[in-house]
Amino acid sequence: MQFRRAIAALAATSTAVLWAGAGTAAFANADHGAGTVHEAENERQAVDTFADSLPCQDDLGYYAITTTYNAQFHDTENANGFWITSTQTGTFTAHATEIVTDGNGDPVLNDEGDFIPATDPNTGEPVLRGGGDLETFSGKFVVWFGASVNPNESVETFAFTIHGVGDQGSTIDGHENAHVVTDGAGDPEDPTTPLKLAFDKIRCN
């Protein structure tokens with residue numbers, strides 16, 4: 001489900017920042033009784049557009065996907081570690097589109113690692129595949145991400161649910177649940193960190 005990578009950017013970015021700074025400091029000061037700090041961020045009616053395949057419908061090719069969502073992010077830090085949660089709820093529309101490719105015909109990615117919709121140089125609108133006759137989808141999604149880090153272990157959990165309907169009768173129903181627990185202190189995003197438990201389960205209905 002590549003779709004969820006783009007709409008979960010807030011959680012991923014925030015976690016990376018904590019690992020680079022606050023998380024390291026927390027372990028270094030674990031016995032010094034530093035106070036607790038809480039931060040929160042909110043987004044309302046944020047809009048993002050990117051190109052990707054649709055969850056559970058990879059065979060339909062690439063789509064220009066526009067999401068409109070509300071998001072909440074909470075971060076609590078103290079001397080023993082940090083805890084974060086992030087929730088996004090929103091709607092999406094998806095139109096079958098061409099994507100930007102290089103001279104070899106390979107997809108070009110933007111700085112976030114996402115595919116780029118090809119656009120008409122005159123209108124700035126995405127170039128639709130099939131002359132615009134291919135199925136268009138719309139629907140809703142929910143993303144939840146949580147992480148807890150302490151001197152004994154680190155835990156990350158991710159959940160993504162999507163439901164969409166096409167204008168030609170097709171449906172999108174998918175759920176993804178991922179969970180990682182480290183074996184001792186460490187960054188679960190670092191491939192060298194020993195893991196106690198890890199899974200990523202995807203279900204298409």
# chains A, B, ... in the order shown; residues from 1 in each chain; ligands from 1

call {"tool": "closest_atom_pairs", "arguments": {"of": "segment 165-205 of chain A", "to": "segment 138-145 of chain A", "cutoff": "12 Å", "atoms": "only C-alpha atoms", "output": "JSON lines"}}
result
{"residue": "A:Val165", "atom": "CA", "partner": "A:Ser138", "partner_atom": "CA", "distance": 5.7}
{"residue": "A:Gly166", "atom": "CA", "partner": "A:Ser138", "partner_atom": "CA", "distance": 6.6}
{"residue": "A:Asp167", "atom": "CA", "partner": "A:Ser138", "partner_atom": "CA", "distance": 8.4}
{"residue": "A:Gln168", "atom": "CA", "partner": "A:Ser138", "partner_atom": "CA", "distance": 11.5}
{"residue": "A:Gly169", "atom": "CA", "partner": "A:Ser138", "partner_atom": "CA", "distance": 11.5}
{"residue": "A:Ser170", "atom": "CA", "partner": "A:Ser138", "partner_atom": "CA", "distance": 10.8}
{"residue": "A:Thr171", "atom": "CA", "partner": "A:Gly139", "partner_atom": "CA", "distance": 9.4}
{"residue": "A:Ile172", "atom": "CA", "partner": "A:Gly139", "partner_atom": "CA", "distance": 8.5}
{"residue": "A:Asp173", "atom": "CA", "partner": "A:Gly139", "partner_atom": "CA", "distance": 9.8}
{"residue": "A:Gly174", "atom": "CA", "partner": "A:Phe141", "partner_atom": "CA", "distance": 9.5}
{"residue": "A:His175", "atom": "CA", "partner": "A:Val142", "partner_atom": "CA", "distance": 9.6}
{"residue": "A:Glu176", "atom": "CA", "partner": "A:Val143", "partner_atom": "CA", "distance": 9.5}
{"residue": "A:Asn177", "atom": "CA", "partner": "A:Trp144", "partner_atom": "CA", "distance": 9.6}
{"residue": "A:Ala178", "atom": "CA", "partner": "A:Phe145", "partner_atom": "CA", "distance": 9.5}
{"residue": "A:His179", "atom": "CA", "partner": "A:Phe145", "partner_atom": "CA", "distance": 9.9}
{"residue": "A:Val180", "atom": "CA", "partner": "A:Phe145", "partner_atom": "CA", "distance": 11.8}

call {"tool": "residues_around", "arguments": {"residues": "Leu54 of chain A", "least_positions_apart": "3", "cutoff": "10 Å", "atoms": "only C-alpha atoms", "output": "PyMOL selection string"}}
result
chain A and resi 1-4+51+57-65+94+96+137+164+172+174

call {"tool": "write_last_selection", "arguments": {"atoms": "all heavy atoms", "output": "compact mmCIF listing (two decimals), in the first residue's frame"}}
result
# COMPACT_ATOMS: atom_id res chain seq x y z
N MET A 1 0.84 -1.19 0.00
CA MET A 1 0.00 0.00 0.00
C MET A 1 0.87 1.24 0.00
O MET A 1 1.08 1.88 1.03
CB MET A 1 -0.92 0.00 1.22
CG MET A 1 -2.04 -1.01 1.15
SD MET A 1 -3.22 -0.74 2.46
CE MET A 1 -4.39 -2.03 2.14
N GLN A 2 1.39 1.60 -1.15
CA GLN A 2 2.27 2.76 -1.22
C GLN A 2 1.54 4.06 -0.93
O GLN A 2 2.12 5.02 -0.45
CB GLN A 2 2.91 2.82 -2.60
CG GLN A 2 3.83 1.65 -2.89
CD GLN A 2 4.42 1.71 -4.28
OE1 GLN A 2 3.84 2.29 -5.18
NE2 GLN A 2 5.57 1.12 -4.44
N PHE A 3 0.25 4.10 -1.21
CA PHE A 3 -0.58 5.29 -0.98
C PHE A 3 -0.35 5.85 0.42
O PHE A 3 -0.23 7.05 0.62
CB PHE A 3 -2.05 4.87 -1.16
CG PHE A 3 -3.08 5.94 -0.91
CD1 PHE A 3 -3.74 6.53 -1.96
CD2 PHE A 3 -3.41 6.31 0.38
CE1 PHE A 3 -4.72 7.48 -1.74
CE2 PHE A 3 -4.39 7.25 0.61
CZ PHE A 3 -5.04 7.84 -0.44
N ARG A 4 -0.30 4.99 1.42
CA ARG A 4 -0.23 5.45 2.80
C ARG A 4 1.10 6.12 3.12
O ARG A 4 1.20 6.90 4.05
CB ARG A 4 -0.50 4.30 3.77
CG ARG A 4 0.42 3.09 3.66
CD ARG A 4 1.65 3.18 4.54
NE ARG A 4 2.31 1.91 4.70
CZ ARG A 4 3.50 1.78 5.23
NH1 ARG A 4 4.19 2.83 5.61
NH2 ARG A 4 4.06 0.59 5.36
N ALA A 51 1.29 11.21 -6.94
CA ALA A 51 0.95 10.10 -7.84
C ALA A 51 1.35 8.78 -7.19
O ALA A 51 2.40 8.68 -6.56
CB ALA A 51 1.66 10.26 -9.18
N GLN A 57 -5.50 -2.18 -5.61
CA GLN A 57 -5.85 -2.06 -7.03
C GLN A 57 -4.60 -1.72 -7.84
O GLN A 57 -4.63 -0.89 -8.75
CB GLN A 57 -6.92 -0.97 -7.23
CG GLN A 57 -8.27 -1.27 -6.61
CD GLN A 57 -9.08 -2.26 -7.43
OE1 GLN A 57 -8.59 -2.84 -8.40
NE2 GLN A 57 -10.33 -2.47 -7.05
N ASP A 58 -3.47 -2.38 -7.53
CA ASP A 58 -2.20 -2.08 -8.19
C ASP A 58 -2.27 -2.26 -9.70
O ASP A 58 -1.56 -1.58 -10.46
CB ASP A 58 -1.08 -2.97 -7.63
CG ASP A 58 -0.70 -2.59 -6.21
OD1 ASP A 58 -1.09 -1.50 -5.77
OD2 ASP A 58 -0.02 -3.39 -5.55
N ASP A 59 -3.11 -3.17 -10.16
CA ASP A 59 -3.17 -3.48 -11.58
C ASP A 59 -3.79 -2.35 -12.41
O ASP A 59 -3.71 -2.36 -13.64
CB ASP A 59 -3.95 -4.77 -11.82
CG ASP A 59 -5.37 -4.70 -11.26
OD1 ASP A 59 -5.55 -4.07 -10.20
OD2 ASP A 59 -6.27 -5.29 -11.87
N LEU A 60 -4.36 -1.35 -11.75
CA LEU A 60 -4.99 -0.24 -12.47
C LEU A 60 -3.99 0.83 -12.87
O LEU A 60 -4.35 1.79 -13.56
CB LEU A 60 -6.09 0.39 -11.60
CG LEU A 60 -7.29 -0.51 -11.28
CD1 LEU A 60 -8.32 0.27 -10.47
CD2 LEU A 60 -7.91 -1.07 -12.54
N GLY A 61 -2.73 0.69 -12.46
CA GLY A 61 -1.72 1.67 -12.86
C GLY A 61 -1.68 2.87 -11.93
O GLY A 61 -2.23 2.86 -10.83
N TYR A 62 -1.02 3.94 -12.39
CA TYR A 62 -0.81 5.11 -11.55
C TYR A 62 -1.99 6.07 -11.59
O TYR A 62 -2.67 6.23 -12.61
CB TYR A 62 0.46 5.85 -11.99
CG TYR A 62 1.71 5.05 -11.76
CD1 TYR A 62 2.40 4.47 -12.82
CD2 TYR A 62 2.21 4.87 -10.46
CE1 TYR A 62 3.55 3.73 -12.60
CE2 TYR A 62 3.35 4.13 -10.24
CZ TYR A 62 4.02 3.56 -11.31
OH TYR A 62 5.15 2.81 -11.09
N TYR A 63 -2.17 6.74 -10.44
CA TYR A 63 -3.25 7.71 -10.30
C TYR A 63 -2.70 9.00 -9.69
O TYR A 63 -1.78 8.97 -8.86
CB TYR A 63 -4.35 7.16 -9.37
CG TYR A 63 -5.36 6.30 -10.09
CD1 TYR A 63 -5.03 5.04 -10.57
CD2 TYR A 63 -6.65 6.77 -10.31
CE1 TYR A 63 -5.96 4.26 -11.25
CE2 TYR A 63 -7.59 6.00 -10.99
CZ TYR A 63 -7.24 4.76 -11.45
OH TYR A 63 -8.15 4.00 -12.12
N ALA A 64 -3.28 10.12 -10.11
CA ALA A 64 -3.05 11.39 -9.43
C ALA A 64 -4.03 11.45 -8.27
O ALA A 64 -5.25 11.45 -8.47
CB ALA A 64 -3.27 12.56 -10.38
N ILE A 65 -3.51 11.47 -7.05
CA ILE A 65 -4.33 11.36 -5.86
C ILE A 65 -4.27 12.68 -5.09
O ILE A 65 -3.19 13.19 -4.79
CB ILE A 65 -3.84 10.22 -4.95
CG1 ILE A 65 -3.87 8.90 -5.73
CG2 ILE A 65 -4.67 10.12 -3.68
CD1 ILE A 65 -3.12 7.77 -5.05
N ALA A 94 -9.04 10.27 -6.88
CA ALA A 94 -7.95 9.67 -7.65
C ALA A 94 -8.34 9.57 -9.12
O ALA A 94 -9.39 9.01 -9.46
CB ALA A 94 -7.62 8.29 -7.09
N ALA A 96 -6.83 8.45 -13.02
CA ALA A 96 -5.79 7.71 -13.73
C ALA A 96 -4.89 8.70 -14.49
O ALA A 96 -5.38 9.50 -15.29
CB ALA A 96 -6.41 6.72 -14.70
N PHE A 137 -11.77 7.40 -8.74
CA PHE A 137 -12.16 6.93 -7.41
C PHE A 137 -12.25 8.09 -6.43
O PHE A 137 -11.56 9.11 -6.57
CB PHE A 137 -11.14 5.92 -6.87
CG PHE A 137 -11.15 4.61 -7.58
CD1 PHE A 137 -10.43 4.42 -8.76
CD2 PHE A 137 -11.87 3.54 -7.07
CE1 PHE A 137 -10.44 3.21 -9.42
CE2 PHE A 137 -11.89 2.31 -7.73
CZ PHE A 137 -11.16 2.15 -8.90
N GLY A 164 -12.92 3.27 -0.77
CA GLY A 164 -13.20 4.13 -1.91
C GLY A 164 -14.12 3.45 -2.90
O GLY A 164 -14.22 2.22 -2.93
N ILE A 172 -12.52 0.05 -3.38
CA ILE A 172 -11.24 -0.09 -2.69
C ILE A 172 -11.54 -0.27 -1.21
O ILE A 172 -12.17 0.60 -0.60
CB ILE A 172 -10.35 1.15 -2.87
CG1 ILE A 172 -10.04 1.39 -4.34
CG2 ILE A 172 -9.05 1.00 -2.07
CD1 ILE A 172 -9.33 2.72 -4.59
N GLY A 174 -9.23 -1.53 2.07
CA GLY A 174 -7.96 -2.06 2.53
C GLY A 174 -7.63 -1.65 3.94
O GLY A 174 -8.09 -0.62 4.44

call {"tool": "select_by_dssp", "arguments": {"residues": "segment 19-201 of chain A", "states": "alpha helix (DSSP H)", "output": "ChimeraX atom specification"}}
result
/A:19-20,22-28

call {"tool": "closest_residue", "arguments": {"among": "A:Gly35, A:Gly130, A:Gly90, A:Pro151", "to": "Thr76 of chain A", "atoms": "only C-alpha atoms"}}
result
A:Gly35

call {"tool": "select_by_dssp", "arguments": {"residues": "segment 40-162 of chain A", "states": "strand (DSSP E)", "output": "ChimeraX atom specification"}}
result
/A:40-54,57-78,81-96,137-149,154-162

call {"tool": "closest_residue", "arguments": {"among": "A:Thr182, A:Asn80, A:Asn150, A:Phe50", "to": "Thr119 of chain A", "atoms": "only C-alpha atoms"}}
result
A:Phe50

call {"tool": "closest_residue", "arguments": {"among": "A:Glu189, A:Asp75, A:Asp52, A:Glu135", "to": "Val100 of chain A", "atoms": "only C-alpha atoms"}}
result
A:Asp52

call {"tool": "closest_residue", "arguments": {"among": "A:Thr161, A:Pro188, A:Gln72, A:Thr49", "to": "Thr93 of chain A", "atoms": "only C-alpha atoms"}}
result
A:Thr49

call {"tool": "atom_distance", "arguments": {"atom1": "atom CA of Cys56 of chain A", "atom2": "atom CA of Ile162 of chain A"}}
result
9.8 Å

call {"tool": "closest_residue", "arguments": {"among": "A:Glu41, A:Ala159, A:Asp190, A:Thr91", "to": "Thr67 of chain A", "atoms": "only C-alpha atoms"}}
result
A:Thr91

call {"tool": "atom_distance", "arguments": {"atom1": "atom CA of Ser148 of chain A", "atom2": "atom CA of Trp83 of chain A"}}
result
4.4 Å

call {"tool": "atom_distance", "arguments": {"atom1": "atom CA of Asp48 of chain A", "atom2": "atom CA of Phe92 of chain A"}}
result
9.5 Å

call {"tool": "closest_residue", "arguments": {"among": "A:Pro194, A:Gly146, A:Gly113, A:Gly103", "to": "Ile84 of chain A", "atoms": "only C-alpha atoms"}}
result
A:Gly146

call {"tool": "residues_around", "arguments": {"residues": "Arg44 of chain A", "least_positions_apart": "2", "cutoff": "7 Å", "atoms": "only C-alpha atoms", "output": "ChimeraX atom specification"}}
result
/A:42,46,69-71

call {"tool": "decode", "arguments": {"residues": "segment 81-116 of chain A", "atoms": "N, CA, C and O atoms", "output": "CSV table (one decimal), in the first residue's frame"}}
result
chain,number,residue,atom,x,y,z
A,81,GLY,N,12.6,8.9,28.0
A,81,GLY,CA,12.2,8.6,26.6
A,81,GLY,C,11.2,9.6,26.0
A,81,GLY,O,11.0,10.7,26.5
A,82,PHE,N,10.5,9.1,25.0
A,82,PHE,CA,9.4,10.0,24.4
A,82,PHE,C,8.3,9.1,23.9
A,82,PHE,O,8.5,7.9,23.6
A,83,TRP,N,7.1,9.7,23.8
A,83,TRP,CA,5.9,9.0,23.3
A,83,TRP,C,5.2,9.9,22.3
A,83,TRP,O,5.0,11.1,22.6
A,84,ILE,N,4.8,9.4,21.2
A,84,ILE,CA,4.2,10.2,20.2
A,84,ILE,C,3.0,9.5,19.6
A,84,ILE,O,2.9,8.2,19.6
A,85,THR,N,2.0,10.2,19.2
A,85,THR,CA,0.8,9.7,18.5
A,85,THR,C,0.5,10.7,17.4
A,85,THR,O,0.6,11.9,17.5
A,86,SER,N,0.0,10.1,16.3
A,86,SER,CA,-0.4,11.0,15.1
A,86,SER,C,-1.6,10.3,14.5
A,86,SER,O,-1.7,9.1,14.3
A,87,THR,N,-2.6,11.2,14.2
A,87,THR,CA,-3.9,10.7,13.6
A,87,THR,C,-4.2,11.6,12.4
A,87,THR,O,-4.2,12.8,12.5
A,88,GLN,N,-4.5,11.0,11.3
A,88,GLN,CA,-5.0,11.7,10.1
A,88,GLN,C,-6.3,11.1,9.7
A,88,GLN,O,-6.4,9.8,9.6
A,89,THR,N,-7.3,11.9,9.4
A,89,THR,CA,-8.6,11.4,8.9
A,89,THR,C,-8.9,12.3,7.7
A,89,THR,O,-8.8,13.6,7.8
A,90,GLY,N,-9.3,11.8,6.6
A,90,GLY,CA,-9.6,12.6,5.4
A,90,GLY,C,-10.3,11.9,4.3
A,90,GLY,O,-10.7,10.8,4.4
A,91,THR,N,-10.4,12.6,3.2
A,91,THR,CA,-11.0,12.1,1.9
A,91,THR,C,-10.0,12.2,0.8
A,91,THR,O,-9.0,12.9,0.9
A,92,PHE,N,-10.3,11.5,-0.3
A,92,PHE,CA,-9.4,11.5,-1.4
A,92,PHE,C,-10.1,11.4,-2.7
A,92,PHE,O,-11.3,10.9,-2.7
A,93,THR,N,-9.5,11.9,-3.8
A,93,THR,CA,-10.0,11.6,-5.1
A,93,THR,C,-8.8,11.1,-5.9
A,93,THR,O,-7.7,11.5,-5.6
A,94,ALA,N,-9.0,10.3,-6.9
A,94,ALA,CA,-8.0,9.7,-7.6
A,94,ALA,C,-8.3,9.6,-9.1
A,94,ALA,O,-9.4,9.0,-9.5
A,95,HIS,N,-7.5,10.1,-10.0
A,95,HIS,CA,-7.7,10.1,-11.4
A,95,HIS,C,-6.5,9.4,-12.1
A,95,HIS,O,-5.4,9.7,-11.8
A,96,ALA,N,-6.8,8.5,-13.0
A,96,ALA,CA,-5.8,7.7,-13.7
A,96,ALA,C,-4.9,8.7,-14.5
A,96,ALA,O,-5.4,9.5,-15.3
A,97,THR,N,-3.6,8.7,-14.2
A,97,THR,CA,-2.7,9.7,-14.8
A,97,THR,C,-1.4,9.1,-15.3
A,97,THR,O,-1.0,8.0,-14.9
A,98,GLU,N,-0.8,9.8,-16.1
A,98,GLU,CA,0.6,9.5,-16.5
A,98,GLU,C,1.5,10.1,-15.5
A,98,GLU,O,1.2,11.0,-14.7
A,99,ILE,N,2.7,9.5,-15.3
A,99,ILE,CA,3.7,10.0,-14.4
A,99,ILE,C,5.0,10.4,-15.1
A,99,ILE,O,5.2,10.0,-16.2
A,100,VAL,N,5.8,11.3,-14.4
A,100,VAL,CA,7.0,11.8,-15.0
A,100,VAL,C,8.0,10.6,-15.0
A,100,VAL,O,8.2,9.9,-14.0
A,101,THR,N,8.7,10.4,-16.2
A,101,THR,CA,9.7,9.4,-16.4
A,101,THR,C,11.0,10.0,-16.9
A,101,THR,O,10.9,11.1,-17.5
A,102,ASP,N,12.1,9.3,-16.7
A,102,ASP,CA,13.4,9.8,-17.3
A,102,ASP,C,13.6,9.3,-18.7
A,102,ASP,O,12.7,8.7,-19.3
A,103,GLY,N,14.8,9.6,-19.2
A,103,GLY,CA,15.1,9.2,-20.6
A,103,GLY,C,15.0,7.7,-20.8
A,103,GLY,O,14.8,7.2,-22.0
A,104,ASN,N,15.1,6.9,-19.8
A,104,ASN,CA,15.0,5.4,-19.9
A,104,ASN,C,13.6,4.9,-19.7
A,104,ASN,O,13.4,3.7,-19.7
A,105,GLY,N,12.7,5.8,-19.4
A,105,GLY,CA,11.3,5.4,-19.1
A,105,GLY,C,11.1,5.0,-17.7
A,105,GLY,O,10.0,4.5,-17.4
A,106,ASP,N,12.0,5.2,-16.8
A,106,ASP,CA,11.9,4.9,-15.4
A,106,ASP,C,11.2,6.1,-14.7
A,106,ASP,O,11.5,7.2,-15.0
A,107,PRO,N,10.3,5.8,-13.7
A,107,PRO,CA,9.7,6.8,-12.9
A,107,PRO,C,10.7,7.8,-12.2
A,107,PRO,O,11.7,7.3,-11.7
A,108,VAL,N,10.3,9.0,-12.2
A,108,VAL,CA,11.1,10.0,-11.5
A,108,VAL,C,10.4,10.3,-10.2
A,108,VAL,O,9.2,10.5,-10.1
A,109,LEU,N,11.2,10.3,-9.1
A,109,LEU,CA,10.7,10.5,-7.7
A,109,LEU,C,11.0,11.9,-7.3
A,109,LEU,O,12.1,12.5,-7.6
A,110,ASN,N,10.1,12.5,-6.4
A,110,ASN,CA,10.4,13.8,-5.8
A,110,ASN,C,11.2,13.6,-4.6
A,110,ASN,O,11.7,12.5,-4.3
A,111,ASP,N,11.5,14.7,-3.9
A,111,ASP,CA,12.4,14.7,-2.7
A,111,ASP,C,11.8,13.8,-1.6
A,111,ASP,O,12.6,13.3,-0.7
A,112,GLU,N,10.5,13.6,-1.6
A,112,GLU,CA,9.9,12.7,-0.5
A,112,GLU,C,9.8,11.3,-1.0
A,112,GLU,O,9.3,10.4,-0.3
A,113,GLY,N,10.3,11.0,-2.2
A,113,GLY,CA,10.3,9.6,-2.7
A,113,GLY,C,9.0,9.2,-3.3
A,113,GLY,O,8.7,8.0,-3.5
A,114,ASP,N,8.2,10.2,-3.7
A,114,ASP,CA,6.9,9.9,-4.3
A,114,ASP,C,7.0,10.1,-5.8
A,114,ASP,O,7.8,10.8,-6.3
A,115,PHE,N,6.1,9.3,-6.6
A,115,PHE,CA,6.0,9.5,-8.0
A,115,PHE,C,5.4,10.9,-8.3
A,115,PHE,O,4.7,11.5,-7.5
A,116,ILE,N,5.7,11.4,-9.5
A,116,ILE,CA,5.3,12.8,-9.8
A,116,ILE,C,4.2,12.7,-11.0
A,116,ILE,O,4.5,12.1,-12.0
